[in-house]
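What follows is final-v2.cif (mmCIF, C-alpha atoms).
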data_work
loop_
_atom_site.label_atom_id
_atom_site.label_comp_id
_atom_site.auth_asym_id
_atom_site.auth_seq_id
_atom_site.Cartn_x
_atom_site.Cartn_y
_atom_site.Cartn_z
CA MET A 1 52.85 44.69 63.95
CA ARG A 2 50.91 42.57 61.41
CA SER A 3 47.23 43.14 60.79
CA THR A 4 44.75 41.69 58.28
CA GLU A 5 41.18 42.96 58.01
CA LYS A 6 38.09 41.53 56.32
CA PRO A 7 37.26 43.48 53.16
CA ALA A 8 34.15 45.60 52.86
CA ALA A 9 33.95 44.40 49.27
CA ARG A 10 36.22 42.26 47.14
CA PHE A 11 39.62 43.61 48.23
CA ARG A 12 41.58 42.48 51.27
CA TRP A 13 44.53 44.43 52.64
CA THR A 14 47.38 43.06 54.73
CA SER A 15 49.91 45.45 56.23
CA ALA A 16 52.80 45.72 58.65
CA SER A 17 54.84 48.60 60.02
CA ARG A 18 58.18 49.06 61.72
CA THR A 19 60.19 52.03 62.96
CA ASP A 20 63.68 52.24 64.44
CA VAL A 21 65.73 55.07 65.95
CA GLY A 22 68.73 54.04 63.84
CA CYS A 23 72.39 53.80 64.81
CA VAL A 24 73.21 57.49 65.31
CA ARG A 25 70.20 59.47 66.52
CA GLU A 26 69.21 59.52 70.18
CA ARG A 27 65.50 60.11 69.56
CA ASN A 28 63.07 58.64 67.06
CA GLU A 29 61.29 61.53 65.34
CA ASP A 30 59.36 59.25 62.94
CA ALA A 31 55.78 58.07 63.48
CA CYS A 32 53.75 55.40 61.64
CA LEU A 33 50.03 54.81 61.13
CA ASP A 34 48.83 51.32 60.14
CA ARG A 35 45.00 51.01 59.98
CA PRO A 36 43.97 48.41 57.37
CA ALA A 37 40.42 48.24 58.75
CA ARG A 38 39.94 51.83 57.59
CA GLY A 39 42.17 51.65 54.54
CA LEU A 40 44.52 54.22 56.06
CA TRP A 41 48.30 54.24 56.36
CA ALA A 42 50.84 57.03 56.89
CA ILE A 43 54.38 57.94 57.84
CA ALA A 44 55.48 61.26 59.30
CA ASP A 45 59.12 62.27 59.77
CA GLY A 46 59.88 65.10 62.19
CA MET A 47 62.22 67.55 60.53
CA GLY A 48 65.82 66.93 61.58
CA GLY A 49 67.66 69.84 63.12
CA HIS A 50 64.45 71.52 64.24
CA ALA A 51 62.79 71.63 67.65
CA LEU A 52 60.51 68.84 68.81
CA GLY A 53 60.42 66.74 65.65
CA ASP A 54 58.90 63.85 67.56
CA LEU A 55 56.00 66.06 68.66
CA ALA A 56 55.49 67.16 65.07
CA SER A 57 55.32 63.65 63.60
CA ARG A 58 53.09 62.45 66.42
CA THR A 59 50.69 65.35 65.88
CA VAL A 60 50.41 64.56 62.17
CA VAL A 61 49.71 60.88 62.80
CA GLU A 62 47.21 61.59 65.59
CA CYS A 63 45.26 63.98 63.35
CA LEU A 64 45.08 61.38 60.57
CA ASP A 65 44.20 58.62 63.02
CA ALA A 66 41.09 60.60 64.01
CA LEU A 67 39.61 59.95 60.56
CA ALA A 68 36.60 57.72 60.23
CA ALA A 69 36.24 55.51 57.14
CA PRO A 70 33.67 57.17 54.86
CA SER A 71 31.86 55.35 52.08
CA ASP A 72 33.68 57.00 49.16
CA LEU A 73 37.28 57.90 48.42
CA GLN A 74 36.64 61.52 47.50
CA ARG A 75 35.20 62.28 50.93
CA PHE A 76 38.00 60.29 52.58
CA VAL A 77 40.62 62.40 50.82
CA GLY A 78 38.84 65.63 51.66
CA ASP A 79 38.67 64.69 55.33
CA ALA A 80 42.36 63.71 55.33
CA ARG A 81 43.36 67.02 53.77
CA ARG A 82 41.39 68.89 56.44
CA GLN A 83 43.06 66.87 59.19
CA LEU A 84 46.49 67.67 57.79
CA GLN A 85 45.59 71.36 57.73
CA GLU A 86 44.53 71.00 61.37
CA ALA A 87 47.89 69.41 62.19
CA ASN A 88 49.60 72.32 60.43
CA ARG A 89 47.59 74.82 62.49
CA ARG A 90 48.46 73.04 65.74
CA LEU A 91 52.16 72.90 64.95
CA ARG A 92 52.30 76.57 63.96
CA ALA A 93 50.56 77.49 67.21
CA GLU A 94 52.90 75.26 69.23
CA ALA A 95 55.96 76.80 67.62
CA ALA A 96 54.70 80.30 68.44
CA LEU A 97 53.95 79.28 72.02
CA ARG A 98 57.43 77.82 72.49
CA ASN A 99 59.14 80.62 70.58
CA ALA A 100 60.56 77.99 68.21
CA TYR A 101 61.47 78.79 64.61
CA VAL A 102 59.52 75.80 63.32
CA ILE A 103 58.09 72.50 64.54
CA GLY A 104 57.56 70.48 61.38
CA SER A 105 57.13 67.06 59.85
CA THR A 106 56.95 65.48 56.42
CA VAL A 107 53.95 63.27 55.72
CA VAL A 108 52.95 60.63 53.20
CA ALA A 109 49.59 58.85 53.46
CA LEU A 110 47.76 56.17 51.48
CA LEU A 111 43.95 55.93 51.61
CA ALA A 112 42.10 52.95 50.09
CA ARG A 113 38.45 52.51 49.19
CA ASP A 114 37.25 49.63 47.01
CA GLU A 115 39.38 49.36 43.86
CA GLN A 116 41.06 52.75 44.15
CA CYS A 117 43.70 54.40 46.35
CA ALA A 118 44.63 58.02 46.83
CA TYR A 119 47.85 59.32 48.31
CA LEU A 120 48.80 62.63 49.88
CA TRP A 121 52.25 63.96 50.70
CA ALA A 122 54.36 66.91 51.71
CA GLY A 123 58.14 66.55 51.99
CA ASP A 124 60.43 63.67 51.09
CA SER A 125 58.78 60.68 52.75
CA ARG A 126 57.85 58.38 49.87
CA LEU A 127 55.25 56.00 48.47
CA TYR A 128 56.35 53.14 46.21
CA LEU A 129 54.29 50.58 44.29
CA ARG A 130 55.63 47.20 43.22
CA ARG A 131 53.55 45.65 40.44
CA ASN A 132 54.38 42.90 37.95
CA GLY A 133 58.04 42.90 38.96
CA ARG A 134 58.47 46.67 38.60
CA LEU A 135 59.03 49.19 41.39
CA VAL A 136 57.62 52.69 40.82
CA GLN A 137 58.01 55.72 43.09
CA LEU A 138 54.58 57.36 43.06
CA THR A 139 55.49 60.47 45.04
CA ARG A 140 57.98 63.19 44.11
CA ASP A 141 60.28 64.56 46.80
CA HIS A 142 59.66 68.15 47.84
CA CYS A 143 63.26 69.18 48.35
CA GLN A 144 65.96 71.46 47.07
CA GLU A 145 69.34 70.12 46.03
CA ASP A 146 72.27 72.23 44.88
CA ASP A 147 76.03 72.06 45.28
CA GLN A 148 75.87 73.55 48.75
CA HIS A 149 73.06 71.41 50.10
CA ARG A 150 74.12 68.18 48.37
CA ARG A 151 77.14 67.94 50.63
CA ALA A 152 74.92 68.01 53.72
CA GLY A 153 71.89 66.16 52.31
CA HIS A 154 69.00 68.22 51.01
CA MET A 155 66.63 70.94 52.11
CA ILE A 156 62.91 70.14 52.49
CA THR A 157 60.70 72.65 50.68
CA ARG A 158 57.37 71.47 52.11
CA ALA A 159 56.34 70.08 55.48
CA VAL A 160 53.43 70.16 57.89
CA GLY A 161 54.11 73.03 60.29
CA ALA A 162 56.71 74.74 58.11
CA ALA A 163 54.47 77.62 56.98
CA ASP A 164 51.04 79.08 57.65
CA ALA A 165 49.82 77.75 54.28
CA LEU A 166 50.28 73.99 53.79
CA ASN A 167 50.45 72.81 50.18
CA ILE A 168 49.68 69.08 49.89
CA ASP A 169 50.17 67.08 46.69
CA GLN A 170 47.99 64.11 45.84
CA GLY A 171 47.60 61.32 43.32
CA ALA A 172 45.43 58.27 42.69
CA VAL A 173 45.89 54.73 41.46
CA TYR A 174 43.64 51.75 40.74
CA VAL A 175 44.78 48.56 42.46
CA GLU A 176 45.51 45.14 41.05
CA ASP A 177 45.67 41.77 42.76
CA GLY A 178 49.08 41.32 44.38
CA ASP A 179 50.06 44.99 44.41
CA VAL A 180 52.52 45.82 47.19
CA PHE A 181 52.83 49.41 48.42
CA LEU A 182 55.58 50.86 50.60
CA LEU A 183 55.50 54.04 52.65
CA CYS A 184 58.90 55.06 54.03
CA SER A 185 60.81 57.89 55.65
CA ASP A 186 64.03 59.09 54.06
CA GLY A 187 65.97 57.02 56.58
CA LEU A 188 65.16 54.11 54.28
CA SER A 189 65.28 55.74 50.85
CA ASN A 190 68.63 57.44 51.54
CA ALA A 191 70.20 54.19 52.72
CA VAL A 192 68.68 51.46 50.52
CA GLY A 193 68.52 51.45 46.72
CA ASP A 194 65.48 50.72 44.58
CA ASP A 195 66.77 47.30 43.49
CA ASP A 196 67.03 46.10 47.08
CA ILE A 197 63.66 47.63 47.99
CA GLY A 198 61.97 45.91 45.05
CA ALA A 199 63.57 42.57 45.85
CA LEU A 200 62.44 42.65 49.47
CA LEU A 201 58.88 43.56 48.46
CA ALA A 202 58.76 40.77 45.88
CA GLU A 203 57.84 38.01 48.32
CA GLY A 204 54.61 39.77 49.29
CA ASP A 205 55.05 39.07 53.03
CA CYS A 206 54.41 42.45 54.63
CA GLN A 207 55.92 41.74 58.04
CA ARG A 208 59.04 40.10 56.65
CA ALA A 209 59.53 42.91 54.14
CA ALA A 210 59.13 45.60 56.82
CA ASP A 211 61.63 43.85 59.09
CA GLN A 212 64.17 43.24 56.35
CA LEU A 213 63.97 46.77 54.94
CA VAL A 214 64.71 48.29 58.33
CA ARG A 215 67.47 45.76 58.95
CA LEU A 216 69.13 46.66 55.65
CA ALA A 217 68.97 50.39 56.39
CA LEU A 218 70.67 49.76 59.73
CA GLU A 219 73.33 47.62 58.09
CA HIS A 220 74.02 50.51 55.72
CA GLY A 221 74.82 52.79 58.63
CA GLY A 222 71.45 53.73 60.09
CA ARG A 223 72.38 57.42 60.15
CA ASP A 224 68.73 58.49 60.46
CA ASN A 225 65.52 57.20 61.99
CA VAL A 226 64.00 54.64 59.61
CA SER A 227 60.30 53.81 59.27
CA VAL A 228 58.33 51.68 56.83
CA VAL A 229 54.76 50.56 56.28
CA VAL A 230 54.25 47.72 53.78
CA MET A 231 50.78 47.00 52.36
CA ARG A 232 49.58 44.22 50.06
CA VAL A 233 46.19 43.98 48.37
CA GLU A 234 44.38 40.83 47.28
CA ASP A 235 41.47 40.78 44.85
CA LEU A 236 39.25 38.04 46.23
CA GLU A 237 37.36 37.76 42.96
CA GLY A 238 40.54 37.41 40.92
CA ASP A 239 39.55 40.19 38.53
CA ASP A 240 42.60 41.45 36.63
CA LYS A 241 41.06 44.42 34.85
CA THR A 242 42.25 47.36 36.91
CA VAL A 243 45.34 49.22 35.72
CA LEU A 244 47.77 51.87 36.88
CA ASN A 245 46.40 55.34 36.32
CA PRO A 246 48.05 56.41 33.01
CA ALA A 247 48.32 59.98 34.28
CA LEU A 248 51.01 58.96 36.80
#

Take the structure in the file and write it out as structure tokens.
Amino acid sequence: MRSTEKPAARFRWTSASRTDVGCVRERNEDACLDRPARGLWAIADGMGGHALGDLASRTVVECLDALAAPSDLQRFVGDARRQLQEANRRLRAEAALRNAYVIGSTVVALLARDEQCAYLWAGDSRLYLRRNGRLVQLTRDHCQEDDQHRRAGHMITRAVGAADALNIDQGAVYVEDGDVFLLCSDGLSNAVGDDDIGALLAEGDCQRAADQLVRLALEHGGRDNVSVVVMRVEDLEGDDKTVLNPAL
């Protein structure tokens, strides 16, 4: 689904999302959120091998989708963090009600206001930025890999619904004209390398990039659900002064 919204100020965002069950799984436990009018995008990936992963990812996205668009980024981030804590509370309660060990989901979200973005994440769903021909992974996977787990993938160390206390990481970045961001579940990042991801984002066409990224993941086996949200920002005043946060 492609959507372009008029900017509140000088920045215009265009975005597109796509999700696919893949070639092996019977149920899609991913969920996407694509709300350029509010500067809000997210992906949630229900934890494989656990009960009701689709319910978990849907709960996370629904809680984030309830956010209004406040006037400043700090308040926006605070509200998003509270909504993710609410999703965590709901999933813990649902697991107790169903006598399930855990009902959980990863999450990665991007929030935009004026010239700055913030991002929040828990788990191994990722945020990438392509700028000036370079692809950078802005998030860091919350997972454990050792000899035992490497043979079967990896073990998530954080997720919404996984524990009573949810620890959410966050970062921030100033935007530049032509920046392209990608949110994705591990169904993409495990199947498609950074070189291919960067090449498909290079054209700057959000819908085409979303379609082609999912297609490539399926061609590489599609062993997991795969979901992407691609976002591009335009500076309507053509000001080139903003830079990547040097702390990243």

Problem - Nearest to Arg38 of chain A, chosen from A:Arg90, A:Val214, A:Leu135, A:Asp114, with only C-alpha atoms counted in the distances - result: A:Asp114

When the PyMOL selection byres ((chain A and resi 113) around 8) is applied to the structure above, which residues does it catch, written out as a tab-separated table (two decimals) with C-alpha atoms, in the coordinates of the input?
chain	number	residue	atom	x	y	z
A	39	GLY	CA	42.17	51.65	54.54
A	71	SER	CA	31.86	55.35	52.08
A	72	ASP	CA	33.68	57.00	49.16
A	73	LEU	CA	37.28	57.90	48.42
A	111	LEU	CA	43.95	55.93	51.61
A	112	ALA	CA	42.10	52.95	50.09
A	114	ASP	CA	37.25	49.63	47.01
A	115	GLU	CA	39.38	49.36	43.86
A	116	GLN	CA	41.06	52.75	44.15
A	117	CYS	CA	43.70	54.40	46.35

Practice task
Choose the residue, out of A:Gly178, A:Pro70, A:Gly78, A:Gly46, that has the smallest atom-to-atom separation from Asp235 of chain A; count all atoms listed in the file.
Solution key: A:Gly178

Practice task
Apply the PyMOL selection byres ((chain A and resi 12-26) around 9) to the displayed file and report the matching residues as a PyMOL selection string.
Solution key: chain A and resi 1-11+27-37+39+41+187+205-211+214+217-218+221-236

Practice task
Quick one: pull the distance between atom CA of Gln212 of chain A and atom CA of Arg134 of chain A, Å, one decimal.
Solution key: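 Spanning atom CA of Gln212 of chain A to atom CA of Arg134 of chain A is a straight-line distance of 19.0 Å.
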
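Using all atoms listed in the file, the nearest neighbour of Ile156 of chain A within the list A:Asn88, A:Asn132, A:Gln74, A:Gln144 is A:Gln144.
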
Handout entry: Surrounding residues of Arg89 of chain A excluding itself and chain neighbours under 4 positions, 8 Å, all atoms listed in the file, as a PyMOL selection string
Key = chain A and resi 85+93+161+164

Exercise for the section: Would you write out, as an MDAnalysis selection string, every residue that the PyMOL selection byres ((chain A and resi 91) around 12) captures in this file? Expected result: chainID A and resid 46 51:60 63 84:90 92:105 159:166

Practice task
Figure out the distance between atom CA of Asp124 of chain A and atom CA of Ser185 of chain A, please, to one decimal in Å.
Solution key: 7.4 Å

Exercise for the section: Tell me, in Å to one decimal, how far atom CA of Gly171 of chain A is from atom CA of Leu120 of chain A. Expected result: 6.8 Å

Fill in the blank from the handout: Closest of A:Arg130, A:Tyr174, A:Leu200, A:Ala69 to Ala118 of chain A, counting only C-alpha atoms, is A:Tyr174

Practice task
Counting all atoms listed in the file, figure out which residue out of A:Asp65, A:Cys184, A:Ala80, A:Gly193 gets nearest to Gly123 of chain A.
Solution key: A:Cys184

Practice task
Point out the residue among A:Glu237, A:Asp186, A:Glu203, A:Asp141 with the least atom-to-atom distance to Ala44 of chain A, counting all atoms listed in the file.
Solution key: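 For Ala44 of chain A, the nearest of the given residues is A:Asp186.
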